[in-house]
file work.txt (compact mmCIF, C-alpha atoms)
# COMPACT_ATOMS: atom_id res chain seq x y z
CA MET A 1 6.35 -29.61 15.04
CA ASN A 2 8.69 -27.70 17.34
CA LYS A 3 6.39 -25.24 19.13
CA THR A 4 9.21 -23.01 20.37
CA LEU A 5 10.09 -19.92 18.37
CA ARG A 6 13.79 -20.22 17.56
CA LEU A 7 14.45 -16.83 15.94
CA ARG A 8 17.74 -15.28 17.05
CA THR A 9 17.05 -11.64 16.08
CA LYS A 10 13.54 -10.20 16.34
CA ILE A 11 12.47 -6.89 14.81
CA LEU A 12 9.09 -5.19 15.11
CA ALA A 13 8.82 -2.55 12.39
CA LEU A 14 5.97 -0.31 13.61
CA ASN A 15 5.89 2.11 10.71
CA GLU A 16 5.91 5.76 11.83
CA VAL A 17 4.54 4.97 15.29
CA ASN A 18 4.88 7.88 17.72
CA PHE A 19 6.39 6.21 20.79
CA GLU A 20 5.69 9.21 23.03
CA PHE A 21 1.98 9.24 22.21
CA TRP A 22 1.54 5.50 22.77
CA VAL A 23 3.99 5.34 25.68
CA LYS A 24 1.50 3.89 28.20
CA ASP A 25 0.71 1.04 25.82
CA PHE A 26 4.39 0.25 25.35
CA GLU A 27 5.03 0.44 29.09
CA SER A 28 2.11 -1.89 29.80
CA VAL A 29 4.10 -4.69 28.15
CA LEU A 30 7.74 -3.53 28.08
CA GLY A 31 7.83 -1.78 31.44
CA GLU A 32 10.02 1.31 31.58
CA PHE A 33 12.20 1.62 28.49
CA GLU A 34 14.80 3.95 26.99
CA LEU A 35 13.74 5.57 23.74
CA PHE A 36 16.50 6.24 21.22
CA LYS A 37 16.28 8.76 18.37
CA GLY A 38 18.32 9.34 15.24
CA PRO A 39 18.35 11.75 12.27
CA ILE A 40 16.90 11.18 8.80
CA ASP A 41 18.91 11.80 5.62
CA TYR A 42 16.16 13.66 3.74
CA GLY A 43 14.42 16.90 4.72
CA PRO A 44 10.80 17.89 3.96
CA GLU A 45 11.87 20.09 1.03
CA THR A 46 13.07 17.04 -0.93
CA GLY A 47 9.66 15.35 -1.17
CA LEU A 48 11.46 12.19 -0.02
CA LEU A 49 10.68 12.34 3.69
CA GLU A 50 8.73 9.13 3.18
CA PRO A 51 8.94 5.72 4.87
CA TRP A 52 9.50 3.86 1.60
CA ALA A 53 12.70 5.89 1.10
CA GLN A 54 13.85 5.07 4.66
CA TRP A 55 13.17 1.36 5.30
CA PRO A 56 15.47 0.12 2.49
CA SER A 57 18.33 1.92 4.28
CA LEU A 58 17.83 -0.47 7.18
CA PHE A 59 17.61 -3.52 4.91
CA TYR A 60 20.72 -2.70 2.86
CA SER A 61 22.72 -0.79 5.54
CA ILE A 62 23.32 2.08 3.10
CA ASP A 63 22.24 5.67 3.70
CA SER A 64 19.13 6.83 1.81
CA LYS A 65 20.84 9.30 -0.49
CA ARG A 66 23.50 6.85 -1.65
CA LEU A 67 21.03 3.99 -2.01
CA GLY A 68 18.79 6.17 -4.19
CA VAL A 69 15.40 4.57 -3.50
CA ARG A 70 12.82 7.30 -4.07
CA GLU A 71 9.53 5.51 -4.68
CA LEU A 72 7.45 2.61 -3.37
CA GLY A 73 8.23 -0.42 -5.54
CA GLN A 74 11.57 0.94 -6.82
CA LEU A 75 13.71 -1.95 -5.62
CA ASP A 76 14.59 -4.16 -8.56
CA GLU A 77 17.76 -2.29 -9.57
CA VAL A 78 18.90 -1.94 -5.96
CA ALA A 79 18.36 -5.66 -5.37
CA LYS A 80 20.66 -6.45 -8.29
CA ARG A 81 23.52 -4.47 -6.71
CA HIS A 82 23.11 -5.11 -2.99
CA LYS A 83 21.98 -7.78 -0.56
CA PRO A 84 19.65 -7.06 2.38
CA PHE A 85 21.06 -7.91 5.80
CA TRP A 86 18.97 -11.09 6.11
CA ASP A 87 20.59 -12.44 2.93
CA ASP A 88 24.10 -11.35 3.81
CA ILE A 89 24.56 -12.56 7.37
CA LEU A 90 27.35 -15.11 7.75
CA THR A 91 25.52 -18.16 9.01
CA THR A 92 24.79 -21.70 7.99
CA GLU A 93 21.61 -21.96 10.05
CA ASN A 94 18.02 -22.35 8.91
CA GLY A 95 17.18 -18.89 7.63
CA SER A 96 14.95 -15.89 8.26
CA LEU A 97 11.35 -14.68 8.11
CA VAL A 98 10.82 -11.13 6.82
CA TRP A 99 7.10 -10.57 6.95
CA GLY A 100 5.18 -7.77 5.23
CA VAL A 101 8.01 -5.21 5.26
CA MET A 102 7.76 -1.96 3.33
CA ASN A 103 9.54 -1.62 0.00
CA ALA A 104 11.39 -4.93 0.00
CA THR A 105 11.60 -7.54 -2.74
CA THR A 106 9.43 -10.60 -2.24
CA GLU A 107 11.26 -13.91 -2.41
CA TYR A 108 11.13 -17.49 -1.26
CA SER A 109 14.24 -19.65 -1.03
CA SER A 110 15.44 -22.68 0.86
CA ARG A 111 16.80 -20.30 3.54
CA ASN A 112 14.57 -17.24 3.75
CA ILE A 113 10.89 -16.39 3.44
CA VAL A 114 10.37 -12.73 2.52
CA ILE A 115 7.02 -11.11 1.81
CA ALA A 116 6.93 -7.41 0.94
CA ASP A 117 4.12 -4.99 1.77
CA PRO A 118 0.88 -5.26 -0.25
CA TRP A 119 1.81 -2.32 -2.50
CA SER A 120 5.29 -3.13 -3.74
CA GLY A 121 5.55 -6.93 -3.60
CA GLU A 122 4.95 -9.03 -6.72
CA ILE A 123 2.31 -11.69 -6.09
CA ASP A 124 3.89 -14.18 -8.50
CA ARG A 125 7.04 -14.17 -6.34
CA VAL A 126 5.13 -15.19 -3.23
CA HIS A 127 5.33 -18.88 -2.31
CA LYS A 128 2.03 -20.56 -3.23
CA ASP A 129 1.34 -21.49 0.40
CA PHE A 130 1.15 -17.80 1.34
CA ARG A 131 -0.55 -16.22 -1.68
CA ASP A 132 -3.97 -16.29 -0.07
CA ALA A 133 -2.52 -14.20 2.76
CA VAL A 134 -1.42 -11.37 0.49
CA GLY A 135 -3.25 -11.74 -2.83
CA PHE A 136 -6.57 -10.15 -1.94
CA VAL A 137 -4.99 -7.64 0.44
CA LYS A 138 -2.65 -6.50 -2.35
CA LYS A 139 -5.61 -6.00 -4.67
CA PHE A 140 -7.67 -4.26 -1.98
CA ALA A 141 -4.80 -1.97 -0.91
CA GLY A 142 -4.44 -0.51 -4.38
CA ASN A 143 -8.07 -0.54 -5.55
CA TYR A 144 -10.28 -0.16 -2.50
CA LEU A 145 -12.28 2.69 -4.10
CA ASP A 146 -12.86 0.63 -7.24
CA LEU A 147 -13.75 -2.89 -6.02
CA SER A 148 -17.11 -4.53 -6.57
CA LEU A 149 -19.01 -6.16 -3.72
CA LYS A 150 -18.33 -9.53 -5.34
CA ASP A 151 -14.57 -8.85 -5.33
CA LYS A 152 -14.70 -7.97 -1.63
CA ILE A 153 -16.69 -11.08 -0.67
CA LEU A 154 -14.44 -13.41 -2.68
CA GLY A 155 -11.35 -11.70 -1.33
CA PHE A 156 -12.29 -11.95 2.31
CA GLY A 157 -13.32 -15.54 1.67
CA SER A 158 -9.80 -16.31 0.45
CA LEU A 159 -8.43 -15.28 3.86
CA LEU A 160 -10.44 -18.09 5.47
CA ARG A 161 -8.16 -20.57 3.70
CA LEU A 162 -5.43 -19.52 6.10
CA HIS A 163 -7.05 -21.52 8.89
CA GLN A 164 -4.12 -23.98 8.92
CA TYR A 165 -1.89 -21.19 10.22
CA LEU A 166 -4.37 -19.71 12.69
CA SER A 167 -6.01 -21.01 15.84
CA VAL A 168 -9.57 -20.77 17.10
CA ARG A 169 -8.27 -18.25 19.62
CA ASP A 170 -7.08 -16.01 16.75
CA TRP A 171 -10.54 -15.97 15.15
CA VAL A 172 -12.12 -15.32 18.55
CA TRP A 173 -9.89 -12.24 18.79
CA VAL A 174 -11.19 -11.09 15.39
CA VAL A 175 -14.83 -11.53 16.44
CA ARG A 176 -14.19 -9.74 19.72
CA ILE A 177 -12.52 -6.77 18.01
CA ILE A 178 -15.28 -6.43 15.41
CA ALA A 179 -17.97 -6.70 18.08
CA ARG A 180 -16.29 -4.04 20.22
CA TYR A 181 -15.22 -1.57 17.53
CA GLY A 182 -16.98 -2.37 14.24
CA LEU A 183 -19.92 0.02 14.60
CA SER A 184 -18.02 2.78 16.39
CA LEU A 185 -15.35 2.76 13.65
CA ARG A 186 -18.08 2.60 10.97
CA PHE A 187 -16.28 -0.42 9.51
CA ARG A 188 -13.62 1.86 8.03
CA PRO A 189 -10.62 0.23 6.29
CA LEU A 190 -8.61 0.92 9.46
CA LEU A 191 -10.50 -1.87 11.23
CA PHE A 192 -9.56 -4.44 8.59
CA ILE A 193 -5.96 -3.21 8.22
CA ALA A 194 -5.40 -3.86 11.93
CA ILE A 195 -7.13 -7.25 11.85
CA TYR A 196 -5.08 -8.31 8.84
CA GLU A 197 -1.79 -7.25 10.41
CA TYR A 198 -2.58 -8.99 13.68
CA LEU A 199 -3.43 -12.23 11.84
CA MET A 200 -0.28 -11.89 9.73
CA LEU A 201 1.76 -11.67 12.94
CA LYS A 202 0.16 -14.86 14.25
CA MET A 203 0.59 -16.57 10.87
CA GLY A 204 4.22 -15.45 10.62
CA ILE A 205 5.02 -16.88 14.04
CA LYS A 206 3.43 -20.19 13.02
CA VAL A 207 5.37 -20.24 9.73
CA ALA A 208 8.64 -19.57 11.56
CA LYS A 209 7.94 -22.55 13.82
CA ILE A 210 6.92 -24.88 10.99
CA TYR A 211 10.06 -24.09 8.96
CA GLN A 212 12.20 -23.96 12.13
CA LEU A 213 13.64 -20.60 11.09
CA ASP A 214 16.27 -19.46 13.55
CA GLN A 215 17.88 -16.27 12.26
CA VAL A 216 16.02 -12.97 11.66
CA GLY A 217 12.30 -12.52 12.28
CA MET A 218 11.00 -9.13 11.11
CA PHE A 219 7.31 -8.19 11.34
CA PHE A 220 5.89 -5.01 9.80
CA PHE A 221 2.80 -3.02 10.88
CA ASN A 222 1.24 0.05 9.25
CA THR A 223 -1.87 0.37 11.47
CA PHE A 224 -0.47 3.09 13.73
CA ALA A 225 0.88 5.22 10.88
CA HIS A 226 -2.62 5.11 9.38
CA ILE A 227 -4.30 6.16 12.65
CA GLN A 228 -1.87 9.03 13.21
CA HIS A 229 -2.20 10.31 9.63
CA HIS A 230 -5.99 10.22 9.61
CA TYR A 231 -7.43 10.14 13.13
CA TRP A 232 -5.04 11.93 15.50
CA ASP A 233 -7.29 14.70 16.79
CA PRO A 234 -8.10 13.91 20.45
CA THR A 235 -10.80 16.63 20.46
CA ASP A 236 -12.82 14.73 17.84
CA LYS A 237 -15.12 11.99 19.18
CA PHE A 238 -14.64 9.65 16.21
CA HIS A 239 -10.87 10.14 16.32
CA ARG A 240 -10.89 9.23 20.01
CA GLN A 241 -12.63 5.97 19.13
CA CYS A 242 -9.91 5.25 16.55
CA LEU A 243 -7.15 6.09 19.03
CA ASP A 244 -8.71 3.81 21.66
CA PHE A 245 -8.88 1.05 19.04
CA GLY A 246 -5.20 1.61 18.20
CA SER A 247 -4.28 1.39 21.87
CA THR A 248 -6.06 -1.95 22.22
CA VAL A 249 -4.46 -3.40 19.07
CA LEU A 250 -0.97 -2.19 20.05
CA ARG A 251 -1.21 -3.80 23.48
CA ASP A 252 -2.50 -7.04 21.95
CA ILE A 253 0.33 -7.13 19.40
CA LEU A 254 2.97 -6.48 22.04
CA SER A 255 1.41 -9.07 24.35
CA VAL A 256 1.59 -11.71 21.61
CA CYS A 257 5.22 -10.79 21.02
CA ARG A 258 5.96 -11.09 24.73
CA SER A 259 4.23 -14.46 25.11
CA GLU A 260 5.90 -15.90 21.99
CA GLY A 261 9.43 -14.86 22.96
CA ILE A 262 9.82 -12.12 20.35
CA LEU A 263 10.72 -9.69 23.16
CA ASP A 264 13.31 -12.04 24.66
CA GLY A 265 17.02 -11.98 23.83
CA TYR A 266 18.09 -9.74 20.95
CA TRP A 267 15.16 -7.59 19.80
CA LEU A 268 14.49 -4.20 18.26
CA ILE A 269 11.35 -2.08 17.81
CA CYS A 270 11.79 0.69 15.24
CA ASN A 271 9.54 3.06 13.29
CA GLY A 272 11.51 4.05 10.17
CA LEU A 273 10.29 7.64 10.43
CA ASP A 274 8.73 9.81 13.14
CA GLN A 275 5.39 11.56 12.90
CA GLU A 276 4.14 14.60 14.79
CA ASN A 277 0.59 15.82 15.26
CA CYS A 278 -0.32 18.60 12.80
CA VAL A 279 -3.99 19.19 13.68
CA GLY A 280 -4.69 22.90 13.25
CA ILE A 281 -1.20 23.59 11.89
CA GLU A 282 -1.86 23.22 8.18
CA ASP A 283 -4.38 21.99 5.65
CA TRP A 284 -2.82 18.87 4.17
CA MET A 285 -5.45 17.27 1.99
CA LEU A 286 -5.18 13.78 0.56
CA TYR A 287 -6.89 13.14 -2.76
CA ARG A 288 -6.93 9.72 -4.39
CA PRO A 289 -7.99 8.75 -7.92
CA LYS A 290 -11.37 7.01 -7.83
CA SER A 291 -9.92 4.56 -10.34
CA HIS A 292 -6.23 4.79 -11.19
CA ALA A 293 -6.72 2.73 -14.36
CA ARG A 294 -9.62 4.86 -15.64
CA LEU A 295 -7.81 8.12 -14.86
CA PHE A 296 -4.72 7.23 -16.87
CA GLU A 297 -6.75 5.90 -19.76
CA ARG A 298 -8.17 9.41 -19.86
CA LEU A 299 -4.83 11.19 -19.51
CA LEU A 300 -2.65 9.11 -21.85
CA PRO A 301 -2.99 8.65 -25.61
CA SER A 302 -1.47 5.15 -25.44
CA LYS A 303 -3.48 2.35 -23.83
CA THR A 304 -0.66 -0.21 -23.73
CA PHE A 305 0.44 0.18 -20.11
CA GLY A 306 -0.23 -1.39 -16.75
CA VAL A 307 -1.09 0.43 -13.51
CA ARG A 308 0.20 -0.51 -10.05
CA GLU A 309 -1.50 1.54 -7.37
CA ALA A 310 0.55 2.27 -4.24
CA MET A 311 -0.42 2.81 -0.62
CA THR A 312 -1.92 6.30 -0.44
CA ASN A 313 -2.56 8.19 -3.67
CA ASP A 314 0.51 7.35 -5.70
CA GLY A 315 1.57 4.49 -7.95
CA ARG A 316 3.49 3.49 -11.05
CA LEU A 317 2.73 2.99 -14.73
CA ILE A 318 4.49 0.13 -16.51
CA PHE A 319 5.02 0.40 -20.28
CA GLU A 320 6.23 -2.18 -22.76
CA THR A 321 9.32 -0.17 -23.74
CA ASP A 322 11.44 2.72 -22.47
CA ILE A 323 10.41 4.76 -25.51
CA GLU A 324 6.71 4.39 -24.68
CA ALA A 325 7.45 5.38 -21.08
CA ASP A 326 9.25 8.51 -22.29
CA LEU A 327 6.28 9.45 -24.48
CA GLY A 328 3.95 8.83 -21.55
CA LEU A 329 6.06 11.07 -19.31
CA ARG A 330 5.83 13.92 -21.82
CA ALA A 331 2.07 13.51 -22.17
CA LEU A 332 1.45 13.47 -18.41
CA ALA A 333 3.64 16.54 -17.88
CA ASN A 334 1.06 18.58 -19.84
CA TRP A 335 -1.74 17.97 -17.32
CA ARG A 336 -2.31 20.65 -14.70
CA VAL A 337 -4.80 21.57 -11.97
CA ASP A 338 -5.29 25.12 -10.64
CA ASN A 339 -2.19 26.24 -12.59
CA GLU A 340 -0.02 23.57 -10.93
CA PRO A 341 1.30 20.27 -12.32
CA LEU A 342 -1.15 17.47 -11.60
CA PHE A 343 1.58 14.99 -10.63
CA VAL A 344 5.19 14.74 -9.56
CA LEU A 345 6.60 12.31 -12.14
CA GLU A 346 9.76 10.23 -12.29
CA ARG A 347 10.70 7.75 -15.01
CA CYS A 348 12.81 4.67 -14.25
CA SER A 349 13.45 2.70 -17.47
CA ASN A 350 9.98 1.53 -18.64
CA GLN A 351 8.12 2.73 -15.52
CA ILE A 352 6.72 6.09 -14.45
CA PHE A 353 6.22 6.76 -10.74
CA TYR A 354 3.55 9.34 -9.97
CA ARG A 355 2.15 11.14 -6.93
CA PRO A 356 0.11 14.36 -6.57
CA PHE A 357 2.14 17.53 -6.91
CA SER A 358 0.34 19.43 -4.17
CA PHE A 359 -1.66 18.63 -1.03
CA ARG A 360 -3.46 21.96 -0.87
CA LYS A 361 -7.24 22.12 -0.71
CA ARG A 362 -9.09 22.05 -4.04
CA SER A 363 -12.37 23.84 -4.66
CA LYS A 364 -15.40 22.11 -6.13
CA ASN A 365 -14.75 24.08 -9.34
CA SER A 366 -11.10 22.98 -9.73
CA LEU A 367 -10.37 21.89 -13.29
CA VAL A 368 -7.79 19.52 -14.70
CA ASN A 369 -6.62 20.84 -18.08
CA ASN A 370 -4.07 19.99 -20.73
CA SER A 371 -1.61 22.77 -21.60
CA GLU A 372 -1.27 21.50 -25.19
CA THR A 373 -4.90 20.68 -26.05
CA PRO A 374 -8.41 21.99 -25.19
CA GLU A 375 -9.12 18.92 -23.03
CA ARG A 376 -10.35 19.57 -19.49
CA PHE A 377 -12.51 17.97 -16.82
CA GLY A 378 -13.53 18.57 -13.23
CA PHE A 379 -10.93 17.52 -10.66
CA PHE A 380 -13.57 15.74 -8.57
CA ASP A 381 -14.79 13.80 -11.61
CA GLU A 382 -11.74 11.57 -11.15
CA PHE A 383 -10.50 12.25 -7.60
CA VAL A 384 -12.01 11.85 -4.16
CA GLU A 385 -10.95 13.58 -0.95
CA ILE A 386 -9.69 10.99 1.52
CA THR A 387 -8.98 13.14 4.56
CA THR A 388 -7.19 16.11 6.03
CA ARG A 389 -3.94 14.76 7.46
CA SER A 390 -3.63 14.88 11.25
CA GLY A 391 -0.03 13.64 11.40
CA ARG A 392 3.00 14.62 9.34
CA HIS A 393 6.47 13.16 8.83
CA ILE A 394 9.42 14.80 10.57
CA GLN A 395 13.17 14.50 10.13
CA SER A 396 13.92 11.86 12.77
CA HIS A 397 13.24 8.23 13.61
CA SER A 398 12.92 6.33 16.91
CA TYR A 399 13.78 2.89 18.22
CA VAL A 400 13.71 0.77 21.38
CA ALA A 401 15.98 -2.22 21.86
CA SER A 402 17.04 -4.94 24.25
CA SER A 403 20.30 -4.68 26.19
CA GLU A 404 21.92 -7.06 23.67
CA PHE A 405 21.58 -4.34 20.99
CA HIS A 406 24.87 -2.39 21.12
CA GLY A 407 24.03 0.54 18.83
CA GLY A 408 22.97 3.09 21.45
CA ASN A 409 21.40 6.46 20.80
CA GLY A 410 21.64 8.71 17.72
CA LEU A 411 22.01 6.09 14.99
CA ARG A 412 20.89 6.80 11.45
CA ILE A 413 18.66 4.10 9.99
CA HIS A 414 21.41 2.52 7.87
CA GLU A 415 23.62 2.36 10.97
CA ILE A 416 20.98 0.21 12.66
CA GLY A 417 21.34 -2.12 9.68
CA LEU A 418 25.09 -2.15 10.21
CA GLU A 419 24.57 -3.07 13.88
CA LEU A 420 22.29 -5.94 12.88
CA ARG A 421 24.95 -7.26 10.51
CA SER A 422 27.74 -6.86 13.05
CA SER A 423 25.75 -8.88 15.60
CA TYR A 424 26.29 -11.82 13.22
CA GLY A 425 29.91 -10.92 12.52
CA SER A 426 28.92 -9.98 8.97
CA PRO A 427 30.57 -7.03 7.15
CA ALA A 428 28.52 -4.29 5.49

call {"tool": "encode", "arguments": {"input": "work.txt", "output": "structure tokens"}}
result
Amino acid sequence: MNKTLRLRTKILALNEVNFEFWVKDFESVLGEFELFKGPIDYGPETGLLEPWAQWPSLFYSIDSKRLGVRELGQLDEVAKRHKPFWDDILTTENGSLVWGVMNATTEYSSRNIVIADPWSGEIDRVHKDFRDAVGFVKKFAGNYLDLSLKDKILGFGSLLRLHQYLSVRDWVWVVRIIARYGLSLRFRPLLFIAIYEYLMLKMGIKVAKIYQLDQVGMFFFNTFAHIQHHYWDPTDKFHRQCLDFGSTVLRDILSVCRSEGILDGYWLICNGLDQENCVGIEDWMLYRPKSHARLFERLLPSKTFGVREAMTNDGRLIFETDIEADLGLRALANWRVDNEPLFVLERCSNQIFYRPFSFRKRSKNSLVNNSETPERFGFFDEFVEITTRSGRHIQSHSYVASSEFHGGNGLRIHEIGLELRSSYGSPA
């Protein structure tokens, strides 16, 4: 096996990372660097200032509003009309690796290996050699409040079957991280998100070498977005532990990228969307259904639908027909909490995308009621408070690039996609 990474274009997609906050960690590996910033198409008032509405603009080189992606997992129709840049580059070489990216379509072909994030990708589209890497994580990401101990044990056991792609040194890193941070982080999901993403980076590099891929290599990380959303209060002792953990993981990820040649030649580090600290600015509460499936069995008269939980507290319902989806939409629109709609709802053919209407704090006596029937129940019978957000999205994005990247400052996200295409001589 050729042990040299041959990828021509390397992209680290560090979702929502605040470069200014983590600047010392970046400088420890990159040295001094120039940080570029660009505007975002959507404002906060739209409800679409979300990373899953932004990343597809990079993939398809089309601005967010014209592309029309509004929800996580809403890619099938777009994929029928447009090609992502890794499919459309004019080359006859060996293909690309697009690894864990947000709101992409999963695929495996003779040229490209593409795995979407655990929330939007379809497991049956993942090549069988990689299903163990994403199968349990996909299930855990959507159902972590509703998994049995047996499910967790079997799931983590499935990850051990990835040993052919990982070295002893990789597992030593895992043991070292757990030993150093496990107790102080109270074994929160954050610990395992970071471990998984680090191992996926190492596995992706190995896969790129095995298949001798030599075009685009794109690696996605959500660890730092999670830390900033949940644990970005430097005055809180537990948050400081989480921030120190994030600093260690970021340096380790960047060091791997440096040693493997990902930060040589043509490379780009981008975040899709900026975050700013909002501690003390506003109460922005996150509530998640304890069980998405159980909640919608309670809310909907029809039981013939599937549930796909998404990354935070949202998801989609999949019905057998468009008519059933329309009936479901009408039924869900009748449910309210504290005189507000329970969900923001959007129907796309036979699917309904849902997310909470409001992030304001609920009292222990808050009731969910139906405006058409006497049905009601306590909000906290079906929902659990996750956290008060410590970071919020703002209307800009940031990126750092090698000197070979000719885009410069002030690019919109889709314009970065255009630059990536033009570097191959490929039209938009």

call {"tool": "closest_residue", "arguments": {"input": "work.txt", "among": "A:Pro189, A:Gly410, A:Pro374, A:Gly261", "to": "Ile40 (chain A)", "atoms": "all atoms listed in the file"}}
result
A:Gly410

call {"tool": "closest_residue", "arguments": {"input": "work.txt", "among": "A:Ile227, A:Val101, A:Leu183, A:Val344", "to": "Leu48 (chain A)", "atoms": "only C-alpha atoms"}}
result
A:Val344

call {"tool": "residues_near_point", "arguments": {"input": "work.txt", "point": "(3.8, -8.9, 23.6)", "cutoff": "12 Å", "atoms": "all atoms listed in the file", "output": "ChimeraX atom specification"}}
result
/A:12,25-31,198,201-202,249-264,269

call {"tool": "residues_around", "arguments": {"input": "work.txt", "residues": "Thr388 (chain A)", "least_positions_apart": "2", "cutoff": "10 Å", "atoms": "only C-alpha atoms", "output": "number ranges by chain"}}
result
A: 229-231, 278-279, 282-287, 359-361, 385-386, 390-391

call {"tool": "closest_residue", "arguments": {"input": "work.txt", "among": "A:Thr4, A:Ser61, A:Thr321, A:Gln215", "to": "Cys348 (chain A)", "atoms": "all atoms listed in the file"}}
result
A:Thr321
